[in-house]
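To keep things clear, I will list the structure first and then write my remarks on it.
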Amino acid sequence: MAETAFAPWDDPDQKPLIRFRNVTKRFGDFTAIDDLTLDIFEQEFFALLGPSGCGKTTMMRMLAGFESPTSGIIELAGSDIARVPPNKRAVNMMFQSYALFPHLSIWDNIAFGLRRESSDKAAIAARVEEMLKLTRLEKFARRKPHQISGGQRQRVALARSLAKAPKLLLLDEPLGALDAKLREATQFELMDIQEKTGTTFVIVTHDQEEAMTVASRIAVMDEGRVMQVSTPDRIYEVPDSVYVADFIGDVNIISGRITTAGGVYGLGFADGQPTVHAASDKPFAQGQQAHLAVRPEKVAIHTEKPDGVDNLLEGKVLDIAYLGNLSTYHVELSGGQVIKAQTANTRRLSRRSITWEDPVWVSWTKTAGVLLDK
Amino acid sequence: MRRAVLIAVPYVWLLALFLVPFAVVFKISLSDIALAIPPYTPTAKDGIWNMLRGLDFENFVFLTEDDLYWKAYLSSLQIALISTVLTLCVGYPMAYAMARAPEQWRATLLMLVILPFWTSFLIRVYAWVGILSGEGFLNQFLLWIGVISTPLTILNTNTAVYIGIVYTYLPFMILPIYSALDRLDGSLIEAAEDLGCSRMKAFWLITIPLSRNGIIAGCFLVFIPALGEFVIPSLLGGSGTLMIGKVLFEEFFSNRDWPVASAVAVILLLILIIPIVLFQRNEQRQAEAGK
């Protein structure tokens with residue numbers, strides 16, 4: 001599996017399906033997209049992830065044709081699409097509100113796009129039936145959108161946008177209106193459908209778990225710029241900025257100056273605290289400002305001082321966040337900094353040995369964290 | 001108990017203000033003309049039994065014999081129908097533009113549509129006499145810019161009646177259509193375009209069907225009062241303008257033939273019941289769809 005993994009972005013011979021070339025979009029004084037360059041490859045499930053107002057929806061609307069870039073070029077399959085109106089693009093969009101036509105039945109909603117380009121009744125009917133089957137909606141074909149549930153509406157919207165077999169499907173916060181359980185199930189369904197149809201999906205979301213679950217690659221955006229584009233595991237394990245590390249999941253950021261350089265770096269972060277150590281391929285200079293990002297689950301918590309660990313800090317338990325399967329301990333160091341350590345609750349709550357105000361030690365290895373310069 | 005009272009209030013209201021007057025009018029329509037006060041016979045003074053015995057359908061038979069009446073009904077229907085279509089043609093674009101206007105302007109635009117109601121309806125129709133007459137503003141303006149060399153005869157023709165009805169009933173057309181268009185989700189149009197519709201096609205396939213209820217409501221609100229309209233045809237229309245409202249007025253006040261006038265009114269009401277029932281059904285369906 002690892003050898004044949006789907007990774008066209010690592011292959012220099014692959015031509016991207018979508019290329020953003022120095023795209024800028026302004027609305028009056030407001031810059032929504034700032035000089036953005038990005039490639040998206042065929043059959044990718046690409047996630048645009050960021051807080052609201054970061055420009056991800058604007059990017060999607062430019063792909064759909066509802067907005068045109070102020071400057072720069074957007075290419076789809078090698079040709080500039082700036083002048084192509086939305087109804088002439090081989091791109092379909094699934095709207096956040098689903099935008100189902102309330103006066104048409106589910107069947108007619110799915111057939112809507114097909115009827116615009118063909119008058120072959122039999123072919124349209126066959127395609128609609130295929131879409132209904134794909135999204136398991138056969139029973140609801142004759143109903144109107146207001147007569148079905150939210151999850152079913154979501155599937156109708158998906159079926160309708162897939163019916164024309166677009167080269168590219170855009171999904172704008174597709175699962176935002178669903179409750180947590182249904183959302184999770186639908187994420188897997190989406191991945192399944194994406195795999196079956198081989199369509200390139202671009203999904204906009206502010207939910208990092210959703211992006212991590214479904215996407216082949218994630219672009220983390222902030223204020224109109226792409227902060228990092230990578231696979232979910234690399235975004236999580238090797239973020240290249242504090243912003244990305246902080247946006248995805250929970251993280252401890254220890255900021256300080258490099259005290260010892262070369263291979264394994266020492267980072268002095270506060271008076272009275274021991275230097276912490278981290279391995280890094282990226283070179284850092286003596287005295288340089290740096291940040292160490294360590295995920296809480298990579299930090300171990302001990303009631304007795306352990307031996308032979310790379311990094312060890314002493315503190316007391318400030319807070320315990322009990323999440324059922326996991327517990328996160330907030331450990332306050334003597335200088336006031338808080339380090340989060342996470343452990344799996346393999347034992348019952350009553351047998352747990354650590355409680356509030358307990359003096360504890362936290363430790364992690366030198367390869368557990370990532371050293372960042374910004 | 002409280003529910004019964006709550007339900008009783010509107011029914012008592014309807015009974016007192018609609019059914020009782022209608023019963024009176026219906027009774028008069030079955031009477032005969034008389035030189036008396038009131039100008040018909042028999043009345044309750046003759047005793048209830050005698051009064052009931054004296055009633056007959058003579059006046060309704062008379063209405064079918066004189067072709068003035070059915071011509072007036074037909075002509076009223078025609079004028080009401082044409083003015084409704086014209087009002088729709090003028091009102092729809094206005095309602096559409098209002099619904100598409102920037103959010104902060106909409107309240108002002110809505111206000112402007114309602115503004116004419118602040119002046120008496122009669123005065124506004126009189127104002128049109130001044131605009132449309134031979135020496136009126138319209139003719140003077142057209143002569144001044146040189147489009148015409150002799151004044152146009154607009155006043156006292158059916159054209160003036162159409163102008164008057166469209167002007168007067170425009171707000172009744174605009175408001176329900178505006179409210180339907182205002183509720184329309186803009187992403188539906190985008191979705192239609194995304195699925196391959198041109199702007200025009202999206203308007204035709206999405207905007208029009210989704211504002212259908214507003215269109216129907218607006219058309220009825222214009223058609224129903226226009227059918228019985230009296231003031232506009234009598235002020236702006238000419239001798240050739242035949243409308244049932246005018247006939248009704250003449251029977252009552254010029255001929256003092258209350259029984260025939262009442263018969264005309266009863267028939268008019270029966271004609272109006274059809275569109276009113278259709279209108280009610282549309283409203284009901286709309287309410288059900290909204291659930």
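Each chain in the structure tokens gets a letter, A, B, ..., in the order shown, and its residues are numbered from 1; ligands are numbered from 1 in order too.
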
Rows by chain and residue number, chain A within 6 Å of chain B, shortest pair, only C-alpha atoms, as a tab-separated table:
residue	atom	partner	partner_atom	distance
A:Pro86	CA	B:Asp194	CA	5.3
A:Asn87	CA	B:Gly196	CA	4.0
A:Asn92	CA	B:Asp194	CA	6.0
A:Ala99	CA	B:Leu188	CA	5.0
A:Gly113	CA	B:Leu195	CA	4.5
A:Arg116	CA	B:Gly196	CA	5.9

Practice prompt. Excluding Phe6 in chain A and any residue of its chain fewer than 3 positions from it, enumerate the residues within 12 Å of it, using only C-alpha atoms, and give them as a VMD selection string.
Written response: chain A and resid 1 to 3 9 to 11 14 41 to 45 195 215 to 217 231

Worksheet item: From the list A:Ala5, A:Ala368, A:Ile253, A:Ala293, which residue is nearest Asp310 in chain A when using only C-alpha atoms?
Response: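 Residue with the minimum atom-to-atom distance to Asp310 in chain A: A:Ala368.
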
So that I can check the surroundings of Leu36 in chain A, please list as a PDB file with N, CA and C atoms, in the first residue's frame every protein, DNA and RNA residue that reaches within 9 Å of it, counting only C-alpha atoms and ignoring chain neighbours fewer than 3 positions away.
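Wrote it out as result.pdb, contents follow:
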ATOM      1  N   PHE A  20      -3.824  27.361  -9.693  1.00  0.00           N
ATOM      2  CA  PHE A  20      -3.963  28.767  -9.341  1.00  0.00           C
ATOM      3  C   PHE A  20      -2.594  29.389  -9.560  1.00  0.00           C
ATOM      4  N   ARG A  21      -2.542  30.430 -10.381  1.00  0.00           N
ATOM      5  CA  ARG A  21      -1.271  31.099 -10.639  1.00  0.00           C
ATOM      6  C   ARG A  21      -1.342  32.533 -10.150  1.00  0.00           C
ATOM      7  N   ASN A  22      -0.696  32.819  -9.049  1.00  0.00           N
ATOM      8  CA  ASN A  22      -0.629  34.178  -8.494  1.00  0.00           C
ATOM      9  C   ASN A  22      -2.000  34.858  -8.470  1.00  0.00           C
ATOM     10  N   VAL A  23      -2.974  34.126  -7.990  1.00  0.00           N
ATOM     11  CA  VAL A  23      -4.337  34.657  -8.003  1.00  0.00           C
ATOM     12  C   VAL A  23      -4.560  35.594  -6.816  1.00  0.00           C
ATOM     13  N   THR A  24      -5.084  36.776  -7.136  1.00  0.00           N
ATOM     14  CA  THR A  24      -5.463  37.737  -6.103  1.00  0.00           C
ATOM     15  C   THR A  24      -6.912  38.104  -6.327  1.00  0.00           C
ATOM     16  N   ILE A  33      -8.183  36.981  -1.345  1.00  0.00           N
ATOM     17  CA  ILE A  33      -7.159  36.016  -1.751  1.00  0.00           C
ATOM     18  C   ILE A  33      -5.934  36.827  -2.131  1.00  0.00           C
ATOM     19  N   GLY A  72      -4.146  37.392 -11.862  1.00  0.00           N
ATOM     20  CA  GLY A  72      -3.707  36.005 -11.827  1.00  0.00           C
ATOM     21  C   GLY A  72      -4.574  35.124 -12.705  1.00  0.00           C
ATOM     22  N   GLY A 224      -6.392  34.807   3.392  1.00  0.00           N
ATOM     23  CA  GLY A 224      -6.186  34.857   1.956  1.00  0.00           C
ATOM     24  C   GLY A 224      -4.902  34.209   1.466  1.00  0.00           C
ATOM     25  N   ARG A 225      -4.141  33.642   2.391  1.00  0.00           N
ATOM     26  CA  ARG A 225      -2.912  32.979   1.966  1.00  0.00           C
ATOM     27  C   ARG A 225      -2.948  31.507   2.373  1.00  0.00           C
ATOM     28  N   VAL A 226      -2.233  30.681   1.568  1.00  0.00           N
ATOM     29  CA  VAL A 226      -2.120  29.279   1.918  1.00  0.00           C
ATOM     30  C   VAL A 226      -0.918  29.137   2.836  1.00  0.00           C
TER      31      VAL A 226
END

Discussion item. List the spatial neighbours of Ala125 in chain A as a list in words - criterion: any atom at most 12 Å away, only C-alpha atoms, same-chain residues fewer than 6 positions off excluded.
Written reply: Trp107, Asp108, Ile110, Ala111, Phe112, Leu114, Arg115, Ser118, Ser119, Met131, Leu132, Ala141 and Ala163 of chain A

Fill in: Option closest in space to Leu77 in chain B, from B:Ile28, B:Ile276, B:Ile244, B:Ile177 [counting only C-alpha atoms]
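Once distances to Leu77 in chain B are computed over only C-alpha atoms, the minimum belongs to B:Ile244.
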
Practice prompt. Can you check which residues of range 101-241 of chain A DSSP gives as helix (DSSP H, G or I) on the backbone and send them as JSON, numbers by chain?
Written response: {"A": [106, 107, 108, 109, 110, 111, 112, 113, 114, 115, 116, 117, 121, 122, 123, 124, 125, 126, 127, 128, 129, 130, 131, 132, 133, 134, 138, 139, 140, 145, 146, 147, 150, 151, 152, 153, 154, 155, 156, 157, 158, 159, 160, 161, 162, 180, 181, 182, 183, 184, 185, 186, 187, 188, 189, 190, 191, 192, 193, 194, 195, 196, 197, 208, 209, 210, 211, 212, 213, 214, 232, 233, 234, 235, 236, 237]}

Residues from last step as file, C-alpha atoms, as a CSV table (one decimal), in the first residue's frame:
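Final output, part.csv:
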chain,number,residue,atom,x,y,z
A,106,ILE,CA,-36.0,14.8,-5.8
A,107,TRP,CA,-36.0,13.1,-9.2
A,108,ASP,CA,-36.4,16.4,-11.0
A,109,ASN,CA,-33.8,18.1,-8.9
A,110,ILE,CA,-31.2,15.4,-9.9
A,111,ALA,CA,-32.3,15.5,-13.5
A,112,PHE,CA,-32.2,19.3,-13.7
A,113,GLY,CA,-28.6,19.6,-14.9
A,114,LEU,CA,-28.9,16.7,-17.3
A,115,ARG,CA,-32.0,18.2,-19.0
A,116,ARG,CA,-30.0,21.4,-19.7
A,117,GLU,CA,-27.6,19.6,-22.0
A,121,LYS,CA,-35.2,11.1,-22.0
A,122,ALA,CA,-34.1,7.5,-21.6
A,123,ALA,CA,-30.5,8.5,-21.0
A,124,ILE,CA,-31.5,11.1,-18.4
A,125,ALA,CA,-33.7,8.6,-16.6
A,126,ALA,CA,-30.9,6.0,-16.5
A,127,ARG,CA,-28.5,8.5,-15.1
A,128,VAL,CA,-30.9,9.8,-12.5
A,129,GLU,CA,-31.6,6.2,-11.4
A,130,GLU,CA,-27.9,5.6,-11.2
A,131,MET,CA,-27.4,8.6,-9.0
A,132,LEU,CA,-30.4,7.7,-6.8
A,133,LYS,CA,-28.9,4.3,-6.3
A,134,LEU,CA,-25.4,5.7,-5.5
A,138,GLU,CA,-34.5,5.4,-4.6
A,139,LYS,CA,-37.4,5.5,-2.1
A,140,PHE,CA,-37.6,9.3,-2.0
A,145,PRO,CA,-37.2,18.5,-0.7
A,146,HIS,CA,-39.2,19.7,2.3
A,147,GLN,CA,-40.5,16.2,2.8
A,150,GLY,CA,-31.5,16.9,6.5
A,151,GLY,CA,-29.2,14.0,5.8
A,152,GLN,CA,-31.3,12.9,2.8
A,153,ARG,CA,-31.3,16.5,1.5
A,154,GLN,CA,-27.5,16.5,1.8
A,155,ARG,CA,-27.4,13.3,-0.4
A,156,VAL,CA,-29.8,14.8,-2.9
A,157,ALA,CA,-27.5,17.8,-3.2
A,158,LEU,CA,-24.6,15.5,-3.8
A,159,ALA,CA,-26.4,13.4,-6.3
A,160,ARG,CA,-27.5,16.5,-8.2
A,161,SER,CA,-24.0,17.9,-8.4
A,162,LEU,CA,-22.5,14.5,-9.5
A,180,ALA,CA,-22.0,14.7,14.7
A,181,LYS,CA,-23.0,11.1,14.3
A,182,LEU,CA,-24.5,11.6,10.8
A,183,ARG,CA,-21.6,13.8,9.8
A,184,GLU,CA,-19.1,11.0,10.6
A,185,ALA,CA,-21.0,8.4,8.6
A,186,THR,CA,-21.4,10.8,5.7
A,187,GLN,CA,-17.7,11.6,5.6
A,188,PHE,CA,-17.0,7.9,4.9
A,189,GLU,CA,-19.8,7.9,2.4
A,190,LEU,CA,-18.3,10.9,0.6
A,191,MET,CA,-14.9,9.2,0.4
A,192,ASP,CA,-16.6,6.1,-0.9
A,193,ILE,CA,-18.5,8.0,-3.6
A,194,GLN,CA,-15.4,10.0,-4.5
A,195,GLU,CA,-13.5,6.7,-5.0
A,196,LYS,CA,-16.3,5.1,-7.0
A,197,THR,CA,-16.7,8.0,-9.4
A,208,GLN,CA,-10.2,20.1,10.9
A,209,GLU,CA,-11.3,16.6,11.8
A,210,GLU,CA,-13.4,16.5,8.7
A,211,ALA,CA,-10.6,17.6,6.6
A,212,MET,CA,-8.2,15.1,8.2
A,213,THR,CA,-10.7,12.3,7.6
A,214,VAL,CA,-11.7,12.8,4.0
A,232,PRO,CA,-3.2,15.1,6.6
A,233,ASP,CA,-0.5,13.2,8.5
A,234,ARG,CA,2.2,15.6,7.5
A,235,ILE,CA,0.1,18.6,8.3
A,236,TYR,CA,-0.4,17.1,11.8
A,237,GLU,CA,3.0,15.7,12.4

Discussion item. List the spatial neighbours of Val222 in chain B as a list in words - criterion: any atom at most 10 Å away, only C-alpha atoms, same-chain residues fewer than 5 positions off excluded.
Written reply: Ala80, Leu81, Ser83, Thr84, Val85, Thr87, Leu88, Ile165, Val166, Thr168, Tyr169, Leu170, Pro171, Phe172, Met173, Ala217 and Leu227 of chain B

Practice prompt. Quick one: everything within 9 Å of Lys56 in chain A, counting only C-alpha atoms, minus sequence neighbours fewer than 2 positions away in the same chain. Send it as a list of chain:residue names.
Written response: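 Here the qualifying residues turn out to be A:Ala32, A:Ile33, A:Leu48, A:Leu49, A:Gly50, A:Pro51, A:Ser52, A:Gly53, A:Cys54, A:Thr58, A:Met59, A:Met60, A:Arg61, A:Val204, A:Thr205, A:Met221, A:Asp222, A:Gly224.
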
Item to complete: May I have the residues within 9 Å of Pro42 in chain B as a PyMOL selection string, using only C-alpha atoms and disregarding those fewer than 2 positions away in the same chain?
Response: chain B and resi 28+31-32+34+40+44-46+50-55

Practice prompt. Measuring atom to atom with only C-alpha atoms, identify which of B:Asn282, B:Ser120, B:Gln78, B:Ser179 is nearest to Met98 in chain B.
Written response: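 Ranked by minimum distance to Met98 in chain B, first place goes to B:Ser179.
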